[in-house]
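The next block is my_file.pdb, given as PDB, C-alpha atoms, pLDDT in the B column.
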```pdb
ATOM      1  CA  MET A 174       0.000   0.000   0.000  1.00 62.00           C
ATOM      2  CA  ASP A 175       2.759   2.468   0.945  1.00 74.00           C
ATOM      3  CA  ASN A 176       4.716   1.765  -2.224  1.00 83.00           C
ATOM      4  CA  GLU A 177       1.584   2.226  -4.326  1.00 88.00           C
ATOM      5  CA  LEU A 178       0.826   5.604  -2.682  1.00 87.00           C
ATOM      6  CA  MET A 179       4.409   6.751  -3.208  1.00 90.00           C
ATOM      7  CA  ARG A 180       4.404   5.539  -6.826  1.00 91.00           C
ATOM      8  CA  GLU A 181       1.166   7.431  -7.581  1.00 92.00           C
ATOM      9  CA  TYR A 182       2.503  10.573  -5.906  1.00 90.00           C
ATOM     10  CA  LEU A 183       5.800  10.418  -7.814  1.00 92.00           C
ATOM     11  CA  GLU A 184       3.930   9.820 -11.064  1.00 92.00           C
ATOM     12  CA  ALA A 185       1.894  12.980 -10.422  1.00 91.00           C
ATOM     13  CA  VAL A 186       5.138  14.889  -9.733  1.00 90.00           C
ATOM     14  CA  LYS A 187       6.601  13.534 -12.968  1.00 90.00           C
ATOM     15  CA  GLN A 188       3.683  14.952 -14.962  1.00 88.00           C
ATOM     16  CA  SER A 189       4.785  18.452 -13.898  1.00 82.00           C
ATOM     17  CA  LEU A 190       8.299  17.844 -15.188  1.00 84.00           C
ATOM     18  CA  ARG A 191       7.403  17.645 -18.878  1.00 78.00           C
ATOM     19  CA  TYR A 192       9.675  20.583 -19.729  1.00 72.00           C
ATOM     20  CA  LEU A 193      12.770  18.734 -18.516  1.00 80.00           C
ATOM     21  CA  SER A 194      15.105  16.161 -19.992  1.00 81.00           C
ATOM     22  CA  ALA A 195      14.715  12.487 -19.017  1.00 87.00           C
ATOM     23  CA  GLU A 196      17.875  12.746 -16.913  1.00 89.00           C
ATOM     24  CA  ASP A 197      16.588  15.764 -14.965  1.00 86.00           C
ATOM     25  CA  LYS A 198      13.232  14.053 -14.419  1.00 89.00           C
ATOM     26  CA  SER A 199      14.929  10.940 -13.108  1.00 91.00           C
ATOM     27  CA  ASP A 200      17.177  12.922 -10.741  1.00 90.00           C
ATOM     28  CA  ILE A 201      14.256  14.898  -9.321  1.00 90.00           C
ATOM     29  CA  ILE A 202      12.062  11.835  -8.847  1.00 92.00           C
ATOM     30  CA  GLN A 203      14.945  10.041  -7.126  1.00 93.00           C
ATOM     31  CA  GLU A 204      15.568  13.036  -4.843  1.00 89.00           C
ATOM     32  CA  ILE A 205      11.916  13.231  -3.797  1.00 89.00           C
ATOM     33  CA  LYS A 206      11.739   9.448  -3.343  1.00 90.00           C
ATOM     34  CA  SER A 207      14.826   9.540  -1.110  1.00 89.00           C
ATOM     35  CA  HIS A 208      13.338  12.414   0.877  1.00 86.00           C
ATOM     36  CA  ILE A 209      10.122  10.426   1.414  1.00 87.00           C
ATOM     37  CA  GLN A 210      11.997   7.285   2.465  1.00 87.00           C
ATOM     38  CA  GLU A 211      14.321   9.180   4.831  1.00 87.00           C
ATOM     39  CA  THR A 212      11.371  10.989   6.410  1.00 83.00           C
ATOM     40  CA  GLN A 213       9.557   7.706   6.890  1.00 84.00           C
ATOM     41  CA  ILE A 214      12.582   6.186   8.646  1.00 84.00           C
ATOM     42  CA  ARG A 215      13.559   9.254  10.723  1.00 85.00           C
ATOM     43  CA  GLN A 216      10.137  10.355  11.836  1.00 84.00           C
ATOM     44  CA  SER A 217       8.301   7.006  11.783  1.00 82.00           C
ATOM     45  CA  LEU A 218       5.400   8.560   9.885  1.00 83.00           C
ATOM     46  CA  ASP A 219       2.977   6.676   7.687  1.00 85.00           C
ATOM     47  CA  MET A 220       3.157   7.270   3.946  1.00 87.00           C
ATOM     48  CA  GLN A 221      -0.153   9.143   3.790  1.00 87.00           C
ATOM     49  CA  THR A 222       1.053  11.712   6.360  1.00 86.00           C
ATOM     50  CA  ILE A 223       4.389  12.218   4.584  1.00 86.00           C
ATOM     51  CA  LEU A 224       2.693  12.776   1.248  1.00 87.00           C
ATOM     52  CA  GLN A 225       0.161  15.165   2.795  1.00 86.00           C
ATOM     53  CA  ASN A 226       3.040  17.129   4.336  1.00 84.00           C
ATOM     54  CA  LEU A 227       4.671  17.389   0.917  1.00 85.00           C
ATOM     55  CA  GLY A 228       1.416  18.766  -0.468  1.00 83.00           C
ATOM     56  CA  ASP A 229       0.214  18.917  -4.036  1.00 86.00           C
ATOM     57  CA  PRO A 230       2.552  16.808  -6.206  1.00 88.00           C
ATOM     58  CA  LYS A 231       2.022  19.055  -9.234  1.00 85.00           C
ATOM     59  CA  LYS A 232       3.137  22.142  -7.316  1.00 82.00           C
ATOM     60  CA  LEU A 233       6.151  20.316  -5.923  1.00 85.00           C
ATOM     61  CA  GLY A 234       7.051  19.137  -9.418  1.00 84.00           C
ATOM     62  CA  LYS A 235       6.748  22.667 -10.811  1.00 79.00           C
ATOM     63  CA  ALA A 236       8.988  24.004  -8.045  1.00 78.00           C
ATOM     64  CA  TYR A 237      11.665  21.439  -8.902  1.00 82.00           C
ATOM     65  CA  ALA A 238      11.204  22.043 -12.639  1.00 79.00           C
ATOM     66  CA  GLY A 239      11.600  25.786 -12.169  1.00 74.00           C
ATOM     67  CA  LYS A 240      14.836  25.322 -10.275  1.00 74.00           C
ATOM     68  CA  ALA A 241      16.169  22.855 -12.859  1.00 77.00           C
ATOM     69  CA  ILE A 242      15.345  25.216 -15.726  1.00 72.00           C
ATOM     70  CA  ALA A 243      16.878  28.160 -13.879  1.00 69.00           C
ATOM     71  CA  ASP A 244      20.069  26.160 -13.382  1.00 72.00           C
ATOM     72  CA  THR A 245      20.404  25.683 -17.151  1.00 67.00           C
ATOM     73  CA  ILE A 246      23.432  27.741 -18.125  1.00 57.00           C
ATOM     74  CA  ASP A 247      22.943  27.662 -21.895  1.00 65.00           C
ATOM     75  CA  PHE A 248      21.667  30.672 -23.775  1.00 64.00           C
ATOM     76  CA  ASN A 249      20.226  29.140 -26.902  1.00 69.00           C
ATOM     77  CA  SER A 250      16.792  29.042 -28.449  1.00 70.00           C
ATOM     78  CA  LYS A 251      15.938  25.567 -27.088  1.00 70.00           C
ATOM     79  CA  SER A 252      16.735  26.490 -23.466  1.00 68.00           C
ATOM     80  CA  PHE A 253      15.226  29.919 -23.879  1.00 68.00           C
ATOM     81  CA  PHE A 254      11.870  28.747 -25.216  1.00 69.00           C
ATOM     82  CA  ARG A 255      11.723  25.806 -22.786  1.00 69.00           C
ATOM     83  CA  ALA A 256      12.066  28.273 -19.900  1.00 66.00           C
ATOM     84  CA  LEU A 257       9.564  30.655 -21.489  1.00 65.00           C
ATOM     85  CA  SER A 258       6.963  27.952 -22.021  1.00 67.00           C
ATOM     86  CA  TYR A 259       7.420  26.661 -18.471  1.00 66.00           C
ATOM     87  CA  TYR A 260       7.375  29.956 -16.679  1.00 63.00           C
ATOM     88  CA  SER A 261       4.615  31.571 -18.706  1.00 60.00           C
ATOM     89  CA  SER A 262       2.338  28.800 -17.404  1.00 61.00           C
ATOM     90  CA  THR A 263       3.159  29.368 -13.727  1.00 61.00           C
ATOM     91  CA  SER A 264       2.224  32.977 -12.896  1.00 67.00           C
ATOM     92  CA  ILE A 265       1.309  36.422 -14.201  1.00 71.00           C
ATOM     93  CA  LYS A 266       4.805  37.724 -13.422  1.00 72.00           C
ATOM     94  CA  GLY A 267       6.238  34.809 -15.345  1.00 68.00           C
ATOM     95  CA  LEU A 268       3.959  35.518 -18.269  1.00 70.00           C
ATOM     96  CA  VAL A 269       5.019  39.183 -18.378  1.00 77.00           C
ATOM     97  CA  LEU A 270       8.706  38.306 -18.072  1.00 74.00           C
ATOM     98  CA  SER A 271       8.459  35.587 -20.691  1.00 73.00           C
ATOM     99  CA  VAL A 272       6.649  37.798 -23.214  1.00 77.00           C
ATOM    100  CA  PHE A 273       9.201  40.585 -22.737  1.00 80.00           C
ATOM    101  CA  ALA A 274      12.242  38.283 -22.904  1.00 78.00           C
ATOM    102  CA  GLY A 275      10.826  36.329 -25.844  1.00 80.00           C
ATOM    103  CA  GLY A 276       9.996  39.526 -27.724  1.00 85.00           C
ATOM    104  CA  LEU A 277      13.551  40.790 -27.361  1.00 86.00           C
ATOM    105  CA  TYR A 278      14.997  37.466 -28.501  1.00 86.00           C
ATOM    106  CA  ILE A 279      12.754  37.164 -31.557  1.00 89.00           C
ATOM    107  CA  SER A 280      13.320  40.830 -32.455  1.00 91.00           C
ATOM    108  CA  THR A 281      17.040  40.124 -32.683  1.00 92.00           C
ATOM    109  CA  PHE A 282      16.448  37.961 -35.734  1.00 93.00           C
ATOM    110  CA  LEU A 283      13.582  39.937 -37.240  1.00 94.00           C
ATOM    111  CA  ILE A 284      15.637  43.141 -37.319  1.00 93.00           C
ATOM    112  CA  LEU A 285      18.487  41.378 -39.097  1.00 94.00           C
ATOM    113  CA  ILE A 286      16.197  39.638 -41.603  1.00 95.00           C
ATOM    114  CA  GLY A 287      14.352  42.905 -42.313  1.00 93.00           C
ATOM    115  CA  GLY A 288      17.650  44.738 -42.854  1.00 93.00           C
ATOM    116  CA  CYS A 289      18.824  42.062 -45.285  1.00 94.00           C
ATOM    117  CA  ILE A 290      15.559  42.144 -47.248  1.00 94.00           C
ATOM    118  CA  LYS A 291      15.507  45.935 -47.450  1.00 93.00           C
ATOM    119  CA  THR A 292      19.184  46.283 -48.472  1.00 94.00           C
ATOM    120  CA  VAL A 293      19.236  43.389 -50.954  1.00 94.00           C
ATOM    121  CA  GLY A 294      16.002  44.685 -52.476  1.00 93.00           C
ATOM    122  CA  ALA A 295      17.584  48.135 -52.913  1.00 92.00           C
ATOM    123  CA  ILE A 296      20.695  46.625 -54.533  1.00 94.00           C
ATOM    124  CA  LEU A 297      18.502  44.676 -56.966  1.00 94.00           C
ATOM    125  CA  GLY A 298      16.387  47.759 -57.704  1.00 92.00           C
ATOM    126  CA  TYR A 299      13.251  46.806 -55.772  1.00 92.00           C
ATOM    127  CA  ASP A 300      11.498  48.931 -53.203  1.00 86.00           C
ATOM    128  CA  MET A 301      10.541  46.607 -50.355  1.00 87.00           C
ATOM    129  CA  ASP A 302       7.663  48.623 -48.876  1.00 85.00           C
ATOM    130  CA  PHE A 303       6.541  45.766 -46.622  1.00 87.00           C
ATOM    131  CA  VAL A 304       9.697  46.246 -44.527  1.00 86.00           C
ATOM    132  CA  ALA A 305       9.973  49.600 -42.779  1.00 86.00           C
ATOM    133  CA  PHE A 306      12.956  50.889 -40.850  1.00 82.00           C
ATOM    134  CA  THR A 307      12.303  54.065 -38.938  1.00 85.00           C
ATOM    135  CA  LEU A 308      14.213  55.537 -36.047  1.00 81.00           C
ATOM    136  CA  GLY A 309      12.009  58.162 -34.492  1.00 87.00           C
ATOM    137  CA  SER A 310      10.880  60.319 -37.420  1.00 90.00           C
ATOM    138  CA  TRP A 311      13.801  59.324 -39.660  1.00 88.00           C
ATOM    139  CA  ASN A 312      13.123  56.737 -42.367  1.00 87.00           C
ATOM    140  CA  VAL A 313      16.286  54.727 -42.869  1.00 89.00           C
ATOM    141  CA  PRO A 314      17.406  54.700 -46.530  1.00 91.00           C
ATOM    142  CA  ASN A 315      17.130  51.253 -48.107  1.00 90.00           C
ATOM    143  CA  LEU A 316      20.881  50.822 -48.602  1.00 91.00           C
ATOM    144  CA  LEU A 317      21.551  51.640 -44.943  1.00 92.00           C
ATOM    145  CA  ALA A 318      18.978  49.193 -43.566  1.00 92.00           C
ATOM    146  CA  LEU A 319      21.427  46.282 -43.126  1.00 93.00           C
ATOM    147  CA  PRO A 320      24.293  48.353 -41.687  1.00 94.00           C
ATOM    148  CA  ILE A 321      21.838  49.806 -39.163  1.00 93.00           C
ATOM    149  CA  ALA A 322      20.133  46.448 -38.533  1.00 94.00           C
ATOM    150  CA  ILE A 323      23.399  44.756 -37.526  1.00 95.00           C
ATOM    151  CA  PRO A 324      24.104  46.909 -34.447  1.00 95.00           C
ATOM    152  CA  GLY A 325      20.363  46.904 -33.685  1.00 92.00           C
ATOM    153  CA  SER A 326      20.353  43.102 -33.700  1.00 94.00           C
ATOM    154  CA  ILE A 327      23.461  43.000 -31.534  1.00 95.00           C
ATOM    155  CA  LEU A 328      21.823  45.382 -29.063  1.00 94.00           C
ATOM    156  CA  PHE A 329      18.617  43.343 -28.916  1.00 92.00           C
ATOM    157  CA  TYR A 330      20.617  40.104 -28.529  1.00 91.00           C
ATOM    158  CA  TYR A 331      22.580  41.651 -25.654  1.00 92.00           C
ATOM    159  CA  LEU A 332      19.359  42.877 -24.007  1.00 90.00           C
ATOM    160  CA  SER A 333      17.676  39.494 -24.453  1.00 87.00           C
ATOM    161  CA  LYS A 334      20.706  37.760 -22.915  1.00 85.00           C
ATOM    162  CA  LYS A 335      20.571  40.141 -19.922  1.00 86.00           C
ATOM    163  CA  MET A 336      16.836  39.543 -19.653  1.00 83.00           C
ATOM    164  CA  TRP A 337      17.545  35.786 -19.750  1.00 79.00           C
ATOM    165  CA  LYS A 338      19.770  36.163 -16.692  1.00 79.00           C
ATOM    166  CA  VAL A 339      17.099  38.179 -14.853  1.00 79.00           C
ATOM    167  CA  PHE A 340      14.492  35.640 -15.904  1.00 75.00           C
ATOM    168  CA  LYS A 341      16.575  32.665 -14.703  1.00 74.00           C
ATOM    169  CA  SER A 342      17.387  34.378 -11.418  1.00 77.00           C
ATOM    170  CA  PHE A 343      13.722  35.166 -10.784  1.00 75.00           C
ATOM    171  CA  LEU A 344      12.703  31.647 -11.762  1.00 72.00           C
ATOM    172  CA  GLY A 345      15.316  30.005  -9.559  1.00 71.00           C
ATOM    173  CA  LYS A 346      14.569  32.172  -6.530  1.00 73.00           C
ATOM    174  CA  SER A 347      10.819  31.788  -6.763  1.00 69.00           C
ATOM    175  CA  SER A 348      11.061  28.001  -7.241  1.00 67.00           C
ATOM    176  CA  GLU A 349      13.537  27.578  -4.403  1.00 68.00           C
ATOM    177  CA  ARG A 350      11.511  29.826  -2.108  1.00 65.00           C
ATOM    178  CA  TYR A 351       8.377  27.833  -2.904  1.00 59.00           C
ATOM    179  CA  LYS A 352      10.074  24.511  -2.177  1.00 60.00           C
ATOM    180  CA  LEU A 353      11.641  25.698   1.071  1.00 58.00           C
ATOM    181  CA  ASN A 354       8.634  27.590   2.445  1.00 56.00           C
ATOM    182  CA  ARG A 355       5.946  25.131   1.467  1.00 51.00           C
ATOM    183  CA  TYR A 356       7.635  21.755   1.663  1.00 52.00           C
ATOM    184  CA  GLY A 357      10.811  22.102   3.660  1.00 54.00           C
ATOM    185  CA  CYS A 358      12.721  20.498   0.767  1.00 50.00           C
ATOM    186  CA  ASN A 359      16.096  21.657  -0.449  1.00 47.00           C
TER
END
```
Kindly return the structure encoded in the file as structure tokens.
Amino acid sequence: MDNELMREYLEAVKQSLRYLSAEDKSDIIQEIKSHIQETQIRQSLDMQTILQNLGDPKKLGKAYAGKAIADTIDFNSKSFFRALSYYSSTSIKGLVLSVFAGGLYISTFLILIGGCIKTVGAILGYDMDFVAFTLGSWNVPNLLALPIAIPGSILFYYLSKKMWKVFKSFLGKSSERYKLNRYGCN
């Protein structure tokens, strides 16, 4: 009976870890399982009480997932969008942060693509009206679109990378705080 309760609980936790790799999922499940077993031995509590003390398995899983995602050190589109999709589903603050960070990251590439289209079109003698480059009230000449887009893309990439660090820090702190305050896990 105890093993069945623990298995069901861990399965529910695992459902909240869908944003993670198989290795991360396995490590987290093993950590929670060890915590349950140690608590059962140390405090001589029945399984039902231990699981009730841990609380909602989905929330515990999300707290672990948030910490695991925040600990990802890579800045690439896969890590970035995995974190965005996870955190945008957890809170309003996460949604706002994810939209802002994602917008900066996507703009990096859109600016560069738009500059290429506008400049290549001008070289080939076409006016690419569907791409507009304006800085304040100044309309950028077609031939200058790419030279201006390059530093603009670099700036947006730099800002999105900074935002990524803020995003990861916020994600890690909120997940860790949730785990520690609610469950006493570390």
Requested in this report: Write out as an NGL selection string which residues come within 7 Å of range 263-280 of chain A when counting all atoms listed in the file, dropping same-chain ones fewer than 5 positions away.
Outcome: :A and (257 or 329-330 or 333 or 336-337 or 340)
Requested in this report: One decimal, Å: what's the distance from CA of Leu319 in chain A over to CA of Ile286 in chain A, could you say?
Outcome: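 Separating CA of Leu319 in chain A from CA of Ile286 in chain A is a distance of 8.6 Å.
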Requested in this report: Tell me, as a list in words, which residues lie within 10 Å of Ala238 in chain A, counting all atoms listed in the file; anything in the same chain fewer than 2 positions away does not count.
Outcome: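 Non-adjacent residues within range: Val186, Lys187, Ser189, Leu190, Arg191, Tyr192, Leu193, Asp197, Lys198, Ile201, Lys232, Leu233, Gly234, Lys235, Ala236, Lys240, Ala241, Ile242, Ala243, Asp244, Ala256, Tyr259, Tyr260, Leu344, Gly345 and Ser348 of chain A.
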Query raised in the report: Hey, can you check how far CA of Lys341 in chain A sits from CA of Glu184 in chain A?
Result: 26.4 Å
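As for CA of Gly288 in chain A and CA of Asn315 in chain A, they are spaced 8.4 Å apart.
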Query raised in the report: Which of these residues is nearest to Tyr299 in chain A, using all atoms listed in the file: A:Ser250, A:Leu316, A:Ile284, A:Trp311?
Result: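 Using all atoms listed in the file, the shortest distance to Tyr299 in chain A belongs to A:Leu316.
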